[in-house]
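> Supplied in structure tokens, the structure appears directly below.
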Amino acid sequence: MNETAMDILNAREERVCFQEEVMDRYKNNTLISVRVNYPGLKKNTALSRNIYFAIEKIILDIFKYYIRLTFFRITAEGPVGIFIVNRNSKVIKQLCMKVEDSHPIGRFVDIDVYDGFTRKSLSRTGFGASPRKCYLCDNIAQECVRNRTHDIEKIIKYMEEVNEKFVKNRR
Ligand SMILES: [Zn+2]
């Protein structure tokens, strides 16, 4: 079933609320939220789930000694993971940015990191990183999304190709 843009907005709002609740319960811990950067309204697909679980595996691996809670759900936003990690948020942000920037399919996910004291998400630019680039061209990703520069089918096809290559090489 296809979701509407409203469903996606509502799911996002609900997630932000849930994150606040979790941060209330696990004070002074860092919260990580992982989502797939997937175009269009239908965000729960075999491809988005494959991408999500590959990245989740890495997050669980990197932080295994520090994780206090893991939470997974599929909403109109697609697959979403929330992790509470008992480690300094700046350290976590830097590791997560490394996953986003260096892992073969890391560019297909958004890994948000929230500091347990300020309750705010840490920004990439705060660590001297540039804004994230579009999958298909060299522009800033948000601009291409806003301007609808690329065909959704084309973006998904590209993601499929990259993911296939990644899965093949992993075997
Ligand atoms: Zn582009």
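The way I read the labels, and the way they are meant: chains A, B, ... in the order of the structure tokens, residue 1 as the first residue of every chain, and ligand 1 as the first ligand shown, with later ones counted on from there.
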Pick out the residues no farther than 6 Å from ligand 1, counting only C-alpha atoms and all ligand atoms, and list them as a PyMOL selection string.
chain A and resi 134+136-137+139+144
> Based on the selection just made, write C-alpha atoms of those residues as a compact mmCIF listing (two decimals), in the first residue's frame.

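After the write, part_4.txt holds the following:
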```txt
# COMPACT_ATOMS: atom_id res chain seq x y z
CA CYS A 134 22.90 13.58 -4.03
CA LEU A 136 23.13 10.82 -8.81
CA CYS A 137 24.84 14.18 -9.20
CA ASN A 139 24.71 18.70 -5.83
CA CYS A 144 17.81 17.72 -5.52
```
> Within 12 Å of Leu41 in chain A, counting only C-alpha atoms, which residues show up once you throw out same-chain ones fewer than 3 positions away? Write them as number ranges by chain, please.
A: 1-9, 37-38, 44-45, 75-78, 152-153
> Convert the current residue selection to file output with N, CA and C atoms, as a CSV table (one decimal), in the first residue's frame.

```csv
chain,number,residue,atom,x,y,z
A,1,MET,N,0.8,-1.2,0.0
A,1,MET,CA,0.0,0.0,0.0
A,1,MET,C,0.9,1.2,0.0
A,2,ASN,N,0.5,2.2,-0.8
A,2,ASN,CA,1.3,3.5,-0.8
A,2,ASN,C,0.8,4.4,0.3
A,3,GLU,N,1.8,5.0,0.9
A,3,GLU,CA,1.5,6.0,1.9
A,3,GLU,C,1.3,7.3,1.3
A,4,THR,N,0.7,8.2,2.0
A,4,THR,CA,0.6,9.6,1.5
A,4,THR,C,1.7,10.4,2.2
A,5,ALA,N,1.9,11.6,1.6
A,5,ALA,CA,2.9,12.5,2.2
A,5,ALA,C,2.5,12.8,3.7
A,6,MET,N,1.2,12.9,3.9
A,6,MET,CA,0.7,13.2,5.3
A,6,MET,C,1.1,12.1,6.2
A,7,ASP,N,0.9,10.8,5.8
A,7,ASP,CA,1.3,9.7,6.6
A,7,ASP,C,2.8,9.7,7.0
A,8,ILE,N,3.6,10.1,6.1
A,8,ILE,CA,5.0,10.2,6.3
A,8,ILE,C,5.3,11.3,7.3
A,9,LEU,N,4.7,12.4,7.2
A,9,LEU,CA,4.9,13.5,8.1
A,9,LEU,C,4.4,13.1,9.5
A,37,ASN,N,17.4,6.6,3.5
A,37,ASN,CA,17.1,7.8,2.6
A,37,ASN,C,16.5,7.3,1.3
A,38,TYR,N,15.2,7.0,1.3
A,38,TYR,CA,14.6,6.4,0.2
A,38,TYR,C,13.5,7.3,-0.4
A,44,ASN,N,8.7,1.4,2.5
A,44,ASN,CA,9.0,0.0,3.0
A,44,ASN,C,9.0,-1.0,1.9
A,45,THR,N,10.2,-1.2,1.4
A,45,THR,CA,10.4,-2.2,0.3
A,45,THR,C,11.5,-3.2,0.7
A,75,THR,N,7.4,2.0,9.7
A,75,THR,CA,6.3,3.0,9.7
A,75,THR,C,6.2,3.5,8.3
A,76,ALA,N,5.4,4.6,8.1
A,76,ALA,CA,5.4,5.2,6.8
A,76,ALA,C,6.7,5.8,6.4
A,77,GLU,N,7.6,6.0,7.4
A,77,GLU,CA,9.0,6.5,7.1
A,77,GLU,C,9.8,5.3,6.5
A,78,GLY,N,9.3,4.1,6.6
A,78,GLY,CA,10.1,2.9,6.2
A,78,GLY,C,10.7,2.3,7.5
A,152,ILE,N,12.3,9.4,-9.6
A,152,ILE,CA,12.4,8.5,-8.4
A,152,ILE,C,12.8,7.1,-8.9
A,153,GLU,N,12.3,6.6,-10.0
A,153,GLU,CA,12.7,5.3,-10.5
A,153,GLU,C,14.2,5.2,-10.7
```
> Which one of A:Arg25, A:Phe18, A:Ala54, A:Pro131 sits closest to His103 in chain A if you count only C-alpha atoms?
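That would be A:Ala54, the residue with the smallest distance to His103 in chain A.
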> Determine, counting only C-alpha atoms, which protein, DNA and RNA residues have an atom within 12 Å of an atom of Val16 in chain A; residues of the same chain fewer than 3 positions away are not included. Present the result as an mmCIF file with N, CA and C atoms, in the first residue's frame.

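Output below, filename out_6.cif:
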```
data_model
loop_
_atom_site.group_PDB
_atom_site.id
_atom_site.type_symbol
_atom_site.label_atom_id
_atom_site.label_comp_id
_atom_site.auth_asym_id
_atom_site.auth_seq_id
_atom_site.Cartn_x
_atom_site.Cartn_y
_atom_site.Cartn_z
ATOM 1 N N LEU A 9 4.683 12.410 7.173
ATOM 2 C CA LEU A 9 4.871 13.514 8.134
ATOM 3 C C LEU A 9 4.415 13.100 9.533
ATOM 4 N N ASN A 10 3.247 12.435 9.600
ATOM 5 C CA ASN A 10 2.725 11.984 10.899
ATOM 6 C C ASN A 10 3.661 10.968 11.546
ATOM 7 N N ALA A 11 4.164 10.050 10.736
ATOM 8 C CA ALA A 11 5.077 9.033 11.272
ATOM 9 C C ALA A 11 6.343 9.680 11.817
ATOM 10 N N ARG A 12 6.788 10.710 11.129
ATOM 11 C CA ARG A 12 7.986 11.423 11.562
ATOM 12 C C ARG A 12 7.742 12.100 12.915
ATOM 13 N N GLU A 13 6.578 12.743 13.015
ATOM 14 C CA GLU A 13 6.223 13.430 14.247
ATOM 15 C C GLU A 13 6.133 12.441 15.417
ATOM 16 N N GLN A 19 11.095 9.396 20.510
ATOM 17 C CA GLN A 19 12.497 9.623 20.866
ATOM 18 C C GLN A 19 12.605 10.452 22.146
ATOM 19 N N GLU A 20 11.731 11.451 22.280
ATOM 20 C CA GLU A 20 11.733 12.287 23.480
ATOM 21 C C GLU A 20 11.424 11.442 24.720
ATOM 22 N N GLU A 21 10.436 10.554 24.572
ATOM 23 C CA GLU A 21 10.063 9.679 25.690
ATOM 24 C C GLU A 21 11.224 8.784 26.098
ATOM 25 N N VAL A 22 11.882 8.228 25.082
ATOM 26 C CA VAL A 22 12.998 7.324 25.354
ATOM 27 C C VAL A 22 14.141 8.087 26.029
ATOM 28 N N MET A 23 14.369 9.311 25.580
ATOM 29 C CA MET A 23 15.441 10.108 26.191
ATOM 30 C C MET A 23 15.090 10.487 27.636
ATOM 31 N N LEU A 31 21.157 9.030 21.966
ATOM 32 C CA LEU A 31 20.166 8.326 21.163
ATOM 33 C C LEU A 31 20.583 8.373 19.689
ATOM 34 N N ILE A 32 20.528 7.199 19.060
ATOM 35 C CA ILE A 32 20.815 7.122 17.623
ATOM 36 C C ILE A 32 19.533 6.719 16.909
ATOM 37 N N SER A 33 19.213 7.404 15.831
ATOM 38 C CA SER A 33 18.088 6.951 15.031
ATOM 39 C C SER A 33 18.559 6.708 13.595
ATOM 40 N N GLU A 77 7.593 6.004 7.356
ATOM 41 C CA GLU A 77 8.960 6.461 7.065
ATOM 42 C C GLU A 77 9.834 5.333 6.541
ATOM 43 N N VAL A 80 12.784 1.849 10.656
ATOM 44 C CA VAL A 80 13.388 2.830 11.566
ATOM 45 C C VAL A 80 13.977 2.103 12.769
ATOM 46 N N ILE A 82 15.932 2.708 16.581
ATOM 47 C CA ILE A 82 16.310 3.657 17.636
ATOM 48 C C ILE A 82 17.228 2.907 18.597
ATOM 49 N N ASP A 112 20.980 9.768 12.703
ATOM 50 C CA ASP A 112 20.917 10.950 13.555
ATOM 51 C C ASP A 112 21.396 10.591 14.953
ATOM 52 N N TYR A 114 21.553 12.084 18.888
ATOM 53 C CA TYR A 114 21.036 13.090 19.812
ATOM 54 C C TYR A 114 21.796 13.037 21.119
ATOM 55 N N ARG A 119 19.583 17.309 24.256
ATOM 56 C CA ARG A 119 18.441 16.714 23.559
ATOM 57 C C ARG A 119 18.424 17.067 22.084
ATOM 58 N N LYS A 120 19.480 17.685 21.599
ATOM 59 C CA LYS A 120 19.518 18.093 20.195
ATOM 60 C C LYS A 120 20.354 17.115 19.374
ATOM 61 N N SER A 121 20.033 17.033 18.080
ATOM 62 C CA SER A 121 20.845 16.182 17.220
ATOM 63 C C SER A 121 22.108 16.936 16.816
#
```
> Looking at only C-alpha atoms, which of A:Ile111, A:Ile92, A:Val99, A:Ile105 is the one that sits closest to Lys165 in chain A?
A:Ile105
> Between A:Phe72, A:Phe127, A:Tyr158, A:Phe63, which has the minimum distance to Arg15 in chain A (counting only C-alpha atoms)?
A:Phe72
> Which is closer to Phe117 in chain A than all the others in A:Asn88, A:Asp101, A:Lys57, A:Arg170, using only C-alpha atoms?
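Answer, going by the shortest atom-to-atom distance: A:Asn88.
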> Figure out the distance between CA of Val109 in chain A and CA of Arg35 in chain A, please, to one decimal in Å.
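Separating CA of Arg35 in chain A from CA of Val109 in chain A is a distance of 5.6 Å.
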> Run DSSP on the backbone and tell me which residues of chain A come out as helix (DSSP H, G or I); list them as a ChimeraX atom specification.
/A:5-25,46-62,89-102,106-108,124-127,141-147,152-170
